[in-house]
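K.L.:
Input file: data27.cif. Contents: mmCIF, C-alpha atoms.
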data_data
#
loop_
_atom_site.label_atom_id
_atom_site.label_comp_id
_atom_site.auth_asym_id
_atom_site.auth_seq_id
_atom_site.Cartn_x
_atom_site.Cartn_y
_atom_site.Cartn_z
CA MET A 21 375.83 170.18 143.31
CA HIS A 22 378.49 170.84 140.67
CA VAL A 23 376.89 168.79 137.92
CA THR A 24 377.98 169.45 134.35
CA LEU A 25 375.67 169.50 131.35
CA ARG A 26 377.79 166.78 129.78
CA GLN A 27 377.19 164.52 132.77
CA LEU A 28 373.45 165.18 132.60
CA ASN A 29 373.35 164.47 128.85
CA VAL A 30 375.18 161.18 129.32
CA PHE A 31 372.99 160.23 132.27
CA GLU A 32 369.80 161.08 130.37
CA ALA A 33 370.85 158.87 127.45
CA VAL A 34 371.70 155.91 129.71
CA ALA A 35 368.49 156.35 131.73
CA ARG A 36 366.39 156.50 128.58
CA ARG A 37 368.07 153.51 126.93
CA LEU A 38 368.81 151.57 130.15
CA SER A 39 372.00 150.51 128.43
CA TYR A 40 375.54 151.89 128.59
CA THR A 41 376.30 150.39 125.20
CA ARG A 42 373.32 151.91 123.36
CA ALA A 43 373.84 155.26 125.08
CA ALA A 44 377.49 155.24 123.98
CA GLU A 45 376.41 154.53 120.38
CA GLU A 46 373.87 157.34 120.48
CA LEU A 47 376.37 159.84 121.90
CA HIS A 48 379.27 158.62 119.72
CA LEU A 49 381.36 157.89 122.82
CA SER A 50 383.17 154.82 124.05
CA GLN A 51 381.43 152.74 126.69
CA PRO A 52 384.24 153.38 129.25
CA ALA A 53 383.77 157.14 128.71
CA VAL A 54 380.04 156.80 129.43
CA SER A 55 380.71 154.70 132.54
CA MET A 56 383.21 157.26 133.80
CA GLN A 57 380.73 160.13 133.39
CA ILE A 58 378.09 158.18 135.34
CA ARG A 59 380.56 157.34 138.14
CA GLN A 60 381.58 161.00 138.43
CA LEU A 61 377.93 162.07 138.51
CA GLU A 62 377.14 159.53 141.25
CA GLU A 63 380.07 160.87 143.28
CA VAL A 64 378.75 164.41 142.97
CA VAL A 65 375.19 163.37 143.81
CA GLY A 66 376.29 161.08 146.63
CA LEU A 67 373.82 158.38 145.64
CA GLY A 68 373.73 155.46 143.26
CA LEU A 69 371.74 156.18 140.12
CA PHE A 70 371.63 152.71 138.57
CA GLU A 71 371.46 149.19 139.93
CA LYS A 72 372.18 145.97 138.08
CA LEU A 73 369.50 143.28 137.98
CA GLY A 74 370.93 140.25 136.24
CA LYS A 75 372.34 141.48 132.94
CA ARG A 76 370.19 144.60 132.86
CA ILE A 77 370.39 147.93 134.64
CA GLN A 78 367.52 149.81 136.26
CA LEU A 79 367.20 153.28 137.71
CA THR A 80 367.33 153.60 141.47
CA GLU A 81 364.88 155.91 143.23
CA ALA A 82 367.51 158.67 143.09
CA GLY A 83 368.05 157.89 139.41
CA ARG A 84 364.35 158.21 138.63
CA GLU A 85 364.23 161.59 140.35
CA LEU A 86 367.29 162.86 138.52
CA PHE A 87 365.97 161.52 135.21
CA HIS A 88 362.84 163.64 135.66
CA TYR A 89 364.90 166.78 136.24
CA SER A 90 367.43 166.02 133.51
CA GLN A 91 364.60 165.74 130.97
CA ALA A 92 363.18 169.07 132.14
CA ILE A 93 366.60 170.73 131.91
CA ASN A 94 367.19 169.38 128.41
CA ARG A 95 363.79 170.61 127.29
CA GLN A 96 364.55 174.07 128.68
CA LEU A 97 367.91 174.11 126.91
CA ARG A 98 366.32 173.08 123.61
CA GLU A 99 363.68 175.78 124.03
CA ALA A 100 366.35 178.38 124.80
CA LYS A 101 368.32 177.31 121.73
CA GLU A 102 365.23 177.57 119.51
CA VAL A 103 364.32 181.00 120.89
CA LEU A 104 367.87 182.28 120.38
CA GLU A 105 367.96 180.83 116.87
CA SER A 106 364.61 182.41 116.10
CA LEU A 107 365.96 185.82 117.11
CA LYS A 108 368.16 185.49 114.04
CA GLY A 109 364.99 185.19 112.01
CA LEU A 110 362.71 182.30 111.08
CA SER A 111 365.24 181.02 108.61
CA ARG A 112 366.47 178.29 110.97
CA GLY A 113 365.44 176.32 114.03
CA ARG A 114 363.67 173.05 114.82
CA LEU A 115 359.95 172.51 115.27
CA LYS A 116 358.44 169.40 116.87
CA VAL A 117 354.81 168.71 116.01
CA ALA A 118 352.85 165.70 117.26
CA VAL A 119 349.58 164.73 115.58
CA ALA A 120 346.83 162.17 116.04
CA SER A 121 347.00 159.38 113.48
CA THR A 122 343.80 160.65 111.84
CA VAL A 123 345.27 164.16 111.48
CA ASN A 124 348.12 162.61 109.50
CA TYR A 125 345.82 162.45 106.47
CA PHE A 126 346.38 166.20 106.00
CA ALA A 127 349.30 167.06 108.35
CA PRO A 128 352.02 166.36 105.74
CA GLN A 129 350.42 168.93 103.43
CA LEU A 130 350.47 171.47 106.25
CA LEU A 131 354.11 170.81 107.04
CA ALA A 132 355.05 170.92 103.36
CA GLY A 133 353.41 174.32 102.99
CA PHE A 134 355.13 175.62 106.12
CA SER A 135 358.48 174.19 104.98
CA GLN A 136 358.16 175.98 101.64
CA ARG A 137 357.63 179.25 103.45
CA TYR A 138 360.52 178.64 105.87
CA PRO A 139 362.92 176.34 103.96
CA GLY A 140 365.70 176.50 106.56
CA VAL A 141 363.56 175.12 109.35
CA SER A 142 363.99 171.53 110.54
CA LEU A 143 360.61 169.82 111.11
CA HIS A 144 359.96 166.75 113.23
CA LEU A 145 356.54 165.05 112.90
CA ASP A 146 355.39 162.48 115.46
CA VAL A 147 352.27 160.56 114.33
CA THR A 148 350.78 158.63 117.21
CA ASN A 149 347.64 157.70 119.11
CA ARG A 150 345.75 159.79 121.63
CA GLU A 151 347.30 158.08 124.66
CA HIS A 152 350.82 158.99 123.57
CA LEU A 153 349.75 162.54 122.66
CA VAL A 154 348.48 163.00 126.20
CA ARG A 155 351.82 161.76 127.57
CA LEU A 156 353.68 164.22 125.36
CA LEU A 157 351.49 167.05 126.63
CA GLU A 158 351.96 165.96 130.24
CA ALA A 159 355.74 165.99 129.79
CA ASN A 160 355.66 169.19 127.70
CA ASP A 161 357.81 167.21 125.28
CA THR A 162 356.65 168.67 121.98
CA ASP A 163 356.04 172.16 120.64
CA LEU A 164 352.49 171.74 119.38
CA VAL A 165 349.89 168.96 119.14
CA LEU A 166 347.14 168.59 116.54
CA MET A 167 344.38 166.36 117.84
CA GLY A 168 340.68 165.90 118.45
CA LEU A 169 339.01 166.86 121.72
CA PRO A 170 341.80 167.74 124.20
CA PRO A 171 341.89 165.95 127.56
CA GLU A 172 340.03 167.79 130.30
CA ASP A 173 342.34 166.84 133.18
CA LEU A 174 345.36 168.81 131.92
CA GLU A 175 345.90 172.56 131.94
CA LEU A 176 346.08 173.24 128.22
CA GLU A 177 345.70 175.97 125.65
CA SER A 178 343.59 174.68 122.77
CA GLU A 179 342.24 176.39 119.68
CA PRO A 180 339.93 174.77 117.12
CA PHE A 181 341.29 175.14 113.60
CA MET A 182 339.04 172.95 111.44
CA ASP A 183 335.82 170.95 111.41
CA ASN A 184 336.12 167.19 111.84
CA PRO A 185 332.92 165.55 110.52
CA MET A 186 332.54 161.92 111.52
CA VAL A 187 330.49 159.56 109.37
CA VAL A 188 329.26 155.96 109.31
CA ILE A 189 330.88 153.92 106.54
CA ALA A 190 329.95 150.62 104.90
CA PRO A 191 331.11 148.55 101.92
CA PRO A 192 329.33 149.44 98.64
CA GLY A 193 327.29 146.23 98.64
CA HIS A 194 325.89 146.63 102.15
CA PRO A 195 322.07 146.48 102.40
CA LEU A 196 322.00 149.96 103.98
CA ALA A 197 324.13 151.56 101.25
CA GLY A 198 321.92 153.97 99.37
CA ALA A 199 319.16 154.00 102.00
CA GLU A 200 317.94 157.42 103.18
CA ARG A 201 317.58 158.71 106.74
CA ILE A 202 318.52 155.42 108.38
CA PRO A 203 317.17 155.38 111.97
CA LEU A 204 319.84 155.13 114.64
CA ALA A 205 318.03 152.18 116.20
CA GLN A 206 318.59 150.21 112.99
CA LEU A 207 322.35 150.40 113.57
CA ALA A 208 321.99 148.44 116.81
CA ALA A 209 321.62 145.28 114.73
CA GLU A 210 324.92 145.93 112.92
CA THR A 211 328.43 144.95 114.01
CA PHE A 212 330.95 147.81 114.26
CA VAL A 213 334.69 147.74 113.68
CA VAL A 214 336.19 150.25 116.12
CA ARG A 215 339.40 151.95 117.18
CA GLU A 216 341.13 150.96 120.42
CA PRO A 217 339.72 152.22 123.76
CA GLY A 218 340.93 155.74 124.48
CA SER A 219 341.18 156.87 120.86
CA GLY A 220 339.46 160.17 120.06
CA THR A 221 337.25 158.58 117.41
CA ARG A 222 336.16 155.80 119.78
CA ILE A 223 335.40 158.29 122.57
CA ALA A 224 333.31 160.52 120.30
CA MET A 225 331.38 157.56 118.86
CA GLU A 226 330.61 156.02 122.27
CA ARG A 227 329.56 159.33 123.79
CA PHE A 228 327.14 159.97 120.95
CA PHE A 229 325.47 156.57 121.07
CA ASP A 230 325.34 156.67 124.88
CA THR A 231 323.38 159.92 124.72
CA GLN A 232 320.96 158.18 122.35
CA GLY A 233 320.54 155.25 124.73
CA LEU A 234 321.97 152.82 122.17
CA ARG A 235 324.53 150.07 122.74
CA LEU A 236 326.32 148.99 119.60
CA ARG A 237 327.61 145.51 118.83
CA LEU A 238 331.37 145.93 118.84
CA GLY A 239 333.33 143.52 116.72
CA MET A 240 337.04 143.87 116.02
CA GLU A 241 339.20 146.55 117.65
CA MET A 242 342.00 148.02 115.56
CA THR A 243 344.65 150.65 116.14
CA ARG A 244 345.00 152.01 112.61
CA ASN A 245 342.52 153.81 110.40
CA GLU A 246 343.82 152.05 107.29
CA THR A 247 343.16 148.64 108.83
CA ILE A 248 339.64 149.69 109.82
CA LYS A 249 338.88 150.76 106.25
CA GLN A 250 340.16 147.44 104.92
CA ALA A 251 338.03 145.56 107.46
CA VAL A 252 334.89 147.49 106.46
CA ARG A 253 335.60 146.85 102.77
CA ALA A 254 335.94 143.15 103.58
CA GLY A 255 332.49 143.12 105.16
CA LEU A 256 333.55 142.71 108.79
CA GLY A 257 331.25 145.49 109.95
CA LEU A 258 330.40 149.16 109.80
CA SER A 259 332.54 151.87 111.36
CA VAL A 260 332.52 155.51 112.40
CA VAL A 261 335.48 157.45 111.00
CA SER A 262 336.57 160.98 110.25
CA LEU A 263 335.50 162.06 106.78
CA HIS A 264 339.08 163.25 106.20
CA THR A 265 340.35 159.67 106.24
CA ILE A 266 338.26 158.29 103.37
CA GLU A 267 338.69 160.78 100.52
CA LEU A 268 340.40 158.24 98.25
CA GLU A 269 337.94 155.44 99.08
CA LEU A 270 334.99 157.67 98.23
CA GLU A 271 336.57 158.74 94.94
CA THR A 272 337.19 155.12 93.96
CA ARG A 273 333.83 153.98 95.38
CA ARG A 274 335.42 151.40 97.63
CA LEU A 275 333.42 152.66 100.61
CA ARG A 276 330.05 154.33 101.09
CA VAL A 277 328.98 156.93 103.63
CA LEU A 278 325.62 155.93 105.09
CA ASP A 279 322.83 158.48 105.45
CA VAL A 280 322.20 158.01 109.18
CA GLU A 281 320.07 160.21 111.42
CA GLY A 282 322.25 162.50 113.53
CA PHE A 283 325.26 162.13 111.22
CA PRO A 284 327.72 163.48 110.41
CA LEU A 285 328.85 164.13 113.97
CA LEU A 286 330.39 167.56 113.86
CA ARG A 287 333.60 167.68 115.87
CA LYS A 288 336.66 169.91 115.71
CA TRP A 289 340.39 169.52 115.27
CA TYR A 290 342.39 171.42 117.87
CA LEU A 291 345.85 172.91 118.07
CA VAL A 292 347.02 172.20 121.63
CA TYR A 293 349.92 173.00 123.95
CA ARG A 294 350.52 173.28 127.69
CA LYS A 295 349.06 176.31 129.44
CA GLY A 296 351.83 178.73 130.36
CA LYS A 297 354.17 177.33 127.70
CA ARG A 298 356.21 180.00 126.01
CA LEU A 299 355.89 179.29 122.32
CA SER A 300 359.02 179.99 120.35
CA PRO A 301 358.60 182.43 117.44
CA LEU A 302 358.85 179.40 115.15
CA ALA A 303 356.04 177.56 116.96
CA GLU A 304 353.97 180.75 116.98
CA ALA A 305 354.53 181.11 113.24
CA PHE A 306 353.37 177.53 112.65
CA LYS A 307 350.31 178.10 114.82
CA GLN A 308 349.33 181.15 112.78
CA PHE A 309 350.09 179.29 109.55
CA VAL A 310 347.71 176.47 110.51
CA MET A 311 344.94 178.89 111.44
CA ASN A 312 345.32 180.91 108.26
CA GLU A 313 345.64 177.97 105.89
CA MET A 314 342.66 176.10 107.28
CA ASN A 315 340.48 179.17 107.35
CA ASP A 316 341.40 180.06 103.78
CA HIS A 317 341.61 176.65 102.10
CA GLY A 318 340.38 173.86 104.34
CA PRO A 319 342.08 170.47 104.82
CA LEU A 320 343.27 170.08 101.25
CA LEU A 321 345.19 173.38 101.27
#
Take the structure in the file and give it back as structure tokens.

P.N.:
Amino acid sequence: MHVTLRQLNVFEAVARRLSYTRAAEELHLSQPAVSMQIRQLEEVVGLGLFEKLGKRIQLTEAGRELFHYSQAINRQLREAKEVLESLKGLSRGRLKVAVASTVNYFAPQLLAGFSQRYPGVSLHLDVTNREHLVRLLEANDTDLVLMGLPPEDLELESEPFMDNPMVVIAPPGHPLAGAERIPLAQLAAETFVVREPGSGTRIAMERFFDTQGLRLRLGMEMTRNETIKQAVRAGLGLSVVSLHTIELELETRRLRVLDVEGFPLLRKWYLVYRKGKRLSPLAEAFKQFVMNEMNDHGPLL
């Protein structure tokens, strides 16, 4: 097939947006120019790539297959560009880092420190939940991921870079605040505000209590750490969170860490990427920066 990179770029934009108009806006082209590129590509391929359902377009089976390969080709081209740029020195290039939402409490400080060392580098930070991080790793669509326990069903390289202590929190006026060596069984009578199913914090919490033969009373489910802290402050329940997320609340005494048997749960933060992935010199430099900074200074740099 004599497919041009321009045709693949246009196709990838239309397939991702499922809209000729939005793809044209993204690529700074006219809609007729986008349509022409797609028609030429379909002629080369010999198959239809899109079908119209009502006012919307959808990928055909051939379109879905080509979309998969076009994404892979674009990733390879971006990687090649970054490697070639890095051969000119680490004074330029683009680095994509994806982090778990809990990691975002210290990730900006990491990126700021790295940016000061390499001021010409363009940094892209994606803050998201565990489910999306796994999808990014599956698609090899980011340079590096900072997260809790990596998924076991993917072939990954993972290196722990920092402790992640998890604690039980309560509002200051809670009856258990100030108590010592609270038995785990006593928590069974409490309601817990928790993260959504699949989050790293939720998985770690449930695994621990399962090993203790305890079933907690789960109240509200929330997708953001900030919302969970507000809910605990409002008296909606206790929660298990990373100690890194409550520094300000502890300083201002808006939350209390309970002295519970078996806590803090000692977990790790990991730097993760696909096994076999060739890290660009820029990604390798960031990896070493994270390891060195955390070993020397801890999460507050």

K.L.:
To verify the selection step, state as JSON, numbers by chain which residues the PyMOL selection byres ((chain A and resi 69) around 12) yields on this input.

P.N.:
{"A": [28, 31, 32, 34, 35, 38, 55, 57, 58, 59, 60, 61, 62, 63, 64, 65, 66, 67, 68, 70, 71, 72, 77, 78, 79, 80, 81, 82, 83, 84, 85, 86, 87]}

K.L.:
Enumerate, as a list of chain:residue names, the residues matched when the PyMOL selection byres ((chain A and resi 138) around 10) is run on the file above.

P.N.:
A:Leu110, A:Ser111, A:Arg112, A:Gly113, A:Ala132, A:Gly133, A:Phe134, A:Ser135, A:Gln136, A:Arg137, A:Pro139, A:Gly140, A:Val141, A:Ser142, A:Leu302, A:Ala305, A:Phe306

K.L.:
Given all atoms listed in the file as the basis, pick out the residue of A:Met56, A:Leu174, A:Val123, A:Val30 nearest to A:Ser90.

P.N.:
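Nearest to A:Ser90: A:Val30.
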
K.L.:
List the residues matched by the PyMOL selection byres ((chain A and resi 262) around 9) in the displayed structure as a PyMOL selection string, ordered by chain and then by residue number.

P.N.:
chain A and resi 122+184-188+221+260-261+263-266

K.L.:
Given the choices A:Pro203, A:Ala33, A:Thr148, A:Glu216, which gets closest to A:Glu45 if the distance is worked out from all atoms listed in the file?

P.N.:
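Closest to A:Glu45 of all the choices is A:Ala33.
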
K.L.:
Just how far from atom CA of A:Asp161 is atom CA of A:Arg95, in Å to one decimal?

P.N.:
7.2 Å

K.L.:
Would you mind reading off the distance between atom CA of A:His88 and atom CA of A:Glu304, one decimal, in Å?

P.N.:
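Atom-to-atom, atom CA of A:His88 and atom CA of A:Glu304 are spaced 26.8 Å apart.
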
K.L.:
Between A:Leu196, A:Leu145, A:Leu270, A:Val154, which has the minimum distance to A:Asp173 (counting only C-alpha atoms)?

P.N.:
A:Val154

K.L.:
From the options A:Arg235, A:Lys288, A:Arg294, A:His194, which residue's atoms come nearest to A:Leu275, counting all atoms listed in the file?

P.N.:
A:His194

K.L.:
Which residues are near stretch 228-234 of chain A? Cut-off 8 Å, all atoms listed in the file, ignore same chain within fewer than 4 positions. Put them as a list in words.

P.N.:
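Listed by chain and then number, they are Ala205, Ala208 and Ala224 of chain A.
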